[in-house]
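Student: Encoded as structure tokens, here's the structure I'll be asking about.
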Amino acid sequence: MARRKIDGVLLLDKPAGMSSNQALQKSRWLFNAEKAGHTGTLDPFATGLLPLCFGEATKFSQFLLNADKTYWAEIELGVRTSTGDPEGEILETRPVTVGRAEIERVLPLFTGDLLQIPPMHSALKRDGRPLYEYARQGIELDREARRVVVYSLDLLSLDATRLIIRVHCGKGLYVRTLTEDIGAALACGAHLTALLTALRREQSGSFDIADAIGLDELAALAPEDRDRQLEPADCLVESLPRLDLDIEAAWQLSHGQAIWHPGLSVGEQLRVYDATGRFLGVAEVDQEGKAAPRRLLAN
């Protein structure tokens, strides 16, 4: 059966034990979709919000890749693993002598702008190969520290050597690395553990896990009800200012021409709509003060 041209965004609650690509391909199969992509991966052991794009919506996935994220993380103190998560081998165990007071003093050290060295067990590429392939061969490569930001870091619960935190962060943060750095600051080591779920993404941009659907629930729906789970493509760019165009200006933009409009600022990105309210795509104001098309829906 030929695949369908279907457009939209699915808010998926990814299960543990499945890679983001496996979740994407399963969802694509359920929708029989011609084209699909995700907006940033979750580790196989992690669960939670994984927005998936279908058809024309894939053109705007980058806007969510750069969005803020919120994670719920479960941490075991006193144990370091080779990967910083429950899938790695135990490297070291130490006694845990710290309590709530020490933990609450250390956590604020990891808010604000931070420099973080990406883990070897990550999908970052070197010479065309992901770092985890080198790591599996026992090869450790030098990695340059990257600037990341943590907006808030809250201690939700503490039970002996196990704590649960909520992290609100910008793009590019590795919660596994943050966990290891917290363990180092407490002088006992730490890793993400999985008594409940080691790592759960609760928010991505304006999207919330409360609005997501699980794979089993999605599979159980009738095809027409499944299609109703898709959000329109412009939900990915809701943070951008809206620009509504008349018939002539919409035609010009849709045919690759930059258009003038009052009140535009050079460099500003805009989500653009025609006179009927139909989403056209994203424009960026050029040096001449005109809105130039950057990513447009197919006519």
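Residues are named by chain letter and number: chains run A, B, ... in the order of the structure tokens, numbers start at 1 in each chain, and ligands are numbered from 1 in the order shown.
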Taking 2 positions as the minimum chain separation for residues in the same chain, which residues sit within 6 Å of A:Gly48 when counting only C-alpha atoms? Answer as JSON, numbers by chain.
Tutor: {"A": [13, 14, 200, 201]}
Student: Emit the selected residues as a compact mmCIF listing (two decimals), in the first residue's frame, including N, CA and C atoms.
Tutor:
# COMPACT_ATOMS: atom_id res chain seq x y z
N ASP A 13 4.37 9.93 23.83
CA ASP A 13 4.98 9.58 25.11
C ASP A 13 5.80 8.31 24.87
N LYS A 14 7.11 8.52 24.64
CA LYS A 14 7.97 7.39 24.27
C LYS A 14 8.14 6.43 25.45
N ARG A 200 12.78 11.25 32.40
CA ARG A 200 11.51 11.47 31.72
C ARG A 200 11.42 12.92 31.27
N ARG A 201 11.21 13.13 29.97
CA ARG A 201 11.04 14.50 29.46
C ARG A 201 9.58 14.90 29.64
Student: Quick one: residues within 6 Å of stretch 218-231 of chain A, only C-alpha atoms, excluding same-chain residues fewer than 2 positions away - as JSON, numbers by chain?
Tutor: {"A": [8, 9, 10, 215, 216]}
Student: Which one is closest to A:Phe63: A:Gly99, A:Gly281, A:Pro232, A:Gly205? Count only C-alpha atoms.
Tutor: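 The closest residue to A:Phe63 is A:Gly205.
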Student: Quick one: pick out all strand (DSSP E or B) residues within stretch 97-230 of chain A from a backbone DSSP run and write them as a PyMOL selection string.
Tutor: chain A and resi 112-116+125-126+129-130+146-159+162-169+190-192+199-204+207-208+213-214
Student: Could you write out that same residue set with C-alpha atoms as a compact mmCIF listing (two decimals), in the first residue's frame?
Tutor:
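What ended up in out-v5.txt:
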# COMPACT_ATOMS: atom_id res chain seq x y z
CA GLY A 112 22.75 29.27 35.24
CA ASP A 113 25.33 29.14 32.45
CA LEU A 114 27.50 26.01 32.65
CA LEU A 115 30.28 24.40 30.65
CA GLN A 116 29.53 20.73 30.02
CA LYS A 125 29.46 12.81 15.66
CA ARG A 126 33.21 12.86 15.08
CA ARG A 129 30.61 8.54 13.36
CA PRO A 130 28.61 8.96 16.59
CA ARG A 146 29.98 23.27 25.42
CA ARG A 147 28.04 26.10 27.00
CA VAL A 148 24.61 25.06 28.29
CA VAL A 149 22.09 26.69 30.59
CA VAL A 150 20.04 25.36 33.50
CA TYR A 151 17.16 27.66 34.40
CA SER A 152 16.07 25.74 37.49
CA LEU A 153 17.07 22.58 39.34
CA ASP A 154 14.65 21.38 42.03
CA LEU A 155 14.97 18.54 44.54
CA LEU A 156 11.61 16.75 44.50
CA SER A 157 12.37 13.91 46.90
CA LEU A 158 15.20 12.17 48.76
CA ASP A 159 15.14 8.61 50.05
CA ARG A 162 18.12 8.02 45.85
CA LEU A 163 16.96 11.47 44.84
CA ILE A 164 14.56 12.82 42.25
CA ILE A 165 15.15 16.18 40.58
CA ARG A 166 13.40 18.31 37.99
CA VAL A 167 15.61 20.16 35.50
CA HIS A 168 14.47 23.04 33.31
CA CYS A 169 17.21 23.68 30.78
CA ALA A 190 26.14 9.26 40.99
CA HIS A 191 24.30 7.91 37.97
CA LEU A 192 20.79 7.96 36.56
CA LEU A 199 14.80 10.04 32.91
CA ARG A 200 11.51 11.47 31.72
CA ARG A 201 11.04 14.50 29.46
CA GLU A 202 8.05 16.45 30.70
CA GLN A 203 8.15 19.51 28.46
CA SER A 204 9.64 20.61 25.16
CA PHE A 207 4.43 21.18 24.59
CA ASP A 208 3.62 19.20 27.75
CA ILE A 213 -0.19 9.77 23.76
CA GLY A 214 1.54 6.42 24.24
Student: Need the shell around A:Arg176: protein/DNA/RNA residues with any atom at most 10 Å away, counting only C-alpha atoms. Skip same-chain ones fewer than 5 positions apart. Format as a PyMOL selection string?
Tutor: chain A and resi 73+75+83-85+118-119+121+181-182+190-192+198-199
Student: Could you write those residues out with N, CA and C atoms, as a PDB file, in the first residue's frame?
Tutor:
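result_34.pdb written:
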ATOM      1  N   ALA A  73      14.261  13.455  36.667  1.00  0.00           N
ATOM      2  CA  ALA A  73      15.388  12.511  36.681  1.00  0.00           C
ATOM      3  C   ALA A  73      15.521  11.841  38.044  1.00  0.00           C
ATOM      4  N   ILE A  75      18.073   9.712  40.450  1.00  0.00           N
ATOM      5  CA  ILE A  75      19.523   9.615  40.614  1.00  0.00           C
ATOM      6  C   ILE A  75      19.866   8.710  41.796  1.00  0.00           C
ATOM      7  N   THR A  83      28.430   4.708  31.674  1.00  0.00           N
ATOM      8  CA  THR A  83      27.636   5.562  30.796  1.00  0.00           C
ATOM      9  C   THR A  83      26.907   6.677  31.542  1.00  0.00           C
ATOM     10  N   GLY A  84      26.960   6.652  32.872  1.00  0.00           N
ATOM     11  CA  GLY A  84      26.231   7.638  33.651  1.00  0.00           C
ATOM     12  C   GLY A  84      24.753   7.335  33.770  1.00  0.00           C
ATOM     13  N   ASP A  85      24.346   6.159  33.311  1.00  0.00           N
ATOM     14  CA  ASP A  85      22.939   5.770  33.333  1.00  0.00           C
ATOM     15  C   ASP A  85      22.828   4.288  33.688  1.00  0.00           C
ATOM     16  N   PRO A 118      30.349  16.881  26.629  1.00  0.00           N
ATOM     17  CA  PRO A 118      29.418  15.841  26.187  1.00  0.00           C
ATOM     18  C   PRO A 118      29.954  14.445  26.505  1.00  0.00           C
ATOM     19  N   PRO A 119      29.083  13.521  26.864  1.00  0.00           N
ATOM     20  CA  PRO A 119      29.534  12.166  27.188  1.00  0.00           C
ATOM     21  C   PRO A 119      29.962  11.392  25.942  1.00  0.00           C
ATOM     22  N   HIS A 121      29.205   8.347  25.461  1.00  0.00           N
ATOM     23  CA  HIS A 121      28.018   7.592  25.058  1.00  0.00           C
ATOM     24  C   HIS A 121      26.920   8.564  24.644  1.00  0.00           C
ATOM     25  N   ASP A 181      28.168  15.101  37.367  1.00  0.00           N
ATOM     26  CA  ASP A 181      28.809  16.282  37.947  1.00  0.00           C
ATOM     27  C   ASP A 181      28.278  16.557  39.353  1.00  0.00           C
ATOM     28  N   ILE A 182      26.994  16.331  39.567  1.00  0.00           N
ATOM     29  CA  ILE A 182      26.433  16.478  40.915  1.00  0.00           C
ATOM     30  C   ILE A 182      27.055  15.451  41.855  1.00  0.00           C
ATOM     31  N   ALA A 190      27.572   9.418  41.220  1.00  0.00           N
ATOM     32  CA  ALA A 190      26.140   9.257  40.991  1.00  0.00           C
ATOM     33  C   ALA A 190      25.893   8.824  39.551  1.00  0.00           C
ATOM     34  N   HIS A 191      24.730   8.231  39.339  1.00  0.00           N
ATOM     35  CA  HIS A 191      24.297   7.908  37.973  1.00  0.00           C
ATOM     36  C   HIS A 191      22.777   7.936  37.934  1.00  0.00           C
ATOM     37  N   LEU A 192      22.228   8.084  36.738  1.00  0.00           N
ATOM     38  CA  LEU A 192      20.790   7.964  36.558  1.00  0.00           C
ATOM     39  C   LEU A 192      20.392   6.520  36.814  1.00  0.00           C
ATOM     40  N   ALA A 198      14.332   6.299  34.863  1.00  0.00           N
ATOM     41  CA  ALA A 198      15.553   7.059  35.104  1.00  0.00           C
ATOM     42  C   ALA A 198      15.442   8.505  34.654  1.00  0.00           C
ATOM     43  N   LEU A 199      14.849   8.708  33.495  1.00  0.00           N
ATOM     44  CA  LEU A 199      14.800  10.036  32.909  1.00  0.00           C
ATOM     45  C   LEU A 199      13.508  10.164  32.119  1.00  0.00           C
TER      46      LEU A 199
END
Student: What gap, in Å, lies between atom CA of A:Phe54 and atom CA of A:Glu238?
Tutor: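 Spanning atom CA of A:Phe54 to atom CA of A:Glu238 is a straight-line distance of 17.4 Å.
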Student: Would you please extract all helix (DSSP H, G or I) residues from stretch 8-176 of chain A, as assigned by DSSP on the backbone, and give them as an NGL selection string?
Tutor: :A and (20-31 or 55-60 or 62-65 or 100-110 or 131-136 or 175-176)
Student: Could you list, as a list in words, every residue within 10 Å of A:Cys188, counting only C-alpha atoms and ignoring same-chain residues fewer than 3 positions away?
Tutor: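 Listed by chain and then number, they are Leu77, Gly78, Val79, Arg80, Glu92, Thr93, Arg94, Pro95, Val96, Thr97, Val98, Glu180, Ile182, Gly183, Ala184 and Ala185 of chain A.
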Student: Need to verify the contact set: A:Asp244, 10 Å, only C-alpha atoms, exclusion of same-chain residues closer than 4 positions in sequence. Can you return it as a ChimeraX atom specification?
Tutor: /A:249-250,261,270-280
Student: Between A:Thr58, A:Pro108, A:Arg136, A:Thr41, which has the minimum distance to A:Gly88 (counting only C-alpha atoms)?
Tutor: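 Of A:Thr58, A:Pro108, A:Arg136, A:Thr41, the one nearest A:Gly88 is A:Arg136, counting only C-alpha atoms.
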Student: Determine, counting only C-alpha atoms, which protein, DNA and RNA residues have an atom within 7 Å of an atom of A:Glu284; residues of the same chain fewer than 3 positions away are not included. Present the result as number ranges by chain.
Tutor: A: 267-270, 291-294
Student: Would you save the residues of that selection, restricted to N, CA and C atoms, as a PDB file, in the first residue's frame?
Tutor:
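Once written, selection_30.pdb looks like this:
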ATOM      1  N   GLY A 267      16.254  40.803  10.802  1.00  0.00           N
ATOM      2  CA  GLY A 267      16.649  39.582  11.492  1.00  0.00           C
ATOM      3  C   GLY A 267      15.512  38.862  12.180  1.00  0.00           C
ATOM      4  N   GLU A 268      14.380  39.491  12.298  1.00  0.00           N
ATOM      5  CA  GLU A 268      13.224  38.899  12.979  1.00  0.00           C
ATOM      6  C   GLU A 268      12.641  37.762  12.149  1.00  0.00           C
ATOM      7  N   GLN A 269      12.280  36.673  12.811  1.00  0.00           N
ATOM      8  CA  GLN A 269      11.600  35.565  12.148  1.00  0.00           C
ATOM      9  C   GLN A 269      10.106  35.646  12.440  1.00  0.00           C
ATOM     10  N   LEU A 270       9.297  35.274  11.460  1.00  0.00           N
ATOM     11  CA  LEU A 270       7.852  35.435  11.540  1.00  0.00           C
ATOM     12  C   LEU A 270       7.146  34.188  11.032  1.00  0.00           C
ATOM     13  N   ALA A 291      10.213  41.011   4.499  1.00  0.00           N
ATOM     14  CA  ALA A 291      10.033  39.636   4.959  1.00  0.00           C
ATOM     15  C   ALA A 291      10.343  38.693   3.800  1.00  0.00           C
ATOM     16  N   ALA A 292      11.444  37.960   3.925  1.00  0.00           N
ATOM     17  CA  ALA A 292      11.886  37.050   2.861  1.00  0.00           C
ATOM     18  C   ALA A 292      11.535  35.611   3.256  1.00  0.00           C
ATOM     19  N   PRO A 293      11.008  34.809   2.337  1.00  0.00           N
ATOM     20  CA  PRO A 293      10.650  33.420   2.670  1.00  0.00           C
ATOM     21  C   PRO A 293      11.870  32.603   3.056  1.00  0.00           C
ATOM     22  N   ARG A 294      11.738  31.817   4.129  1.00  0.00           N
ATOM     23  CA  ARG A 294      12.814  30.933   4.570  1.00  0.00           C
ATOM     24  C   ARG A 294      12.412  29.470   4.494  1.00  0.00           C
TER      25      ARG A 294
END
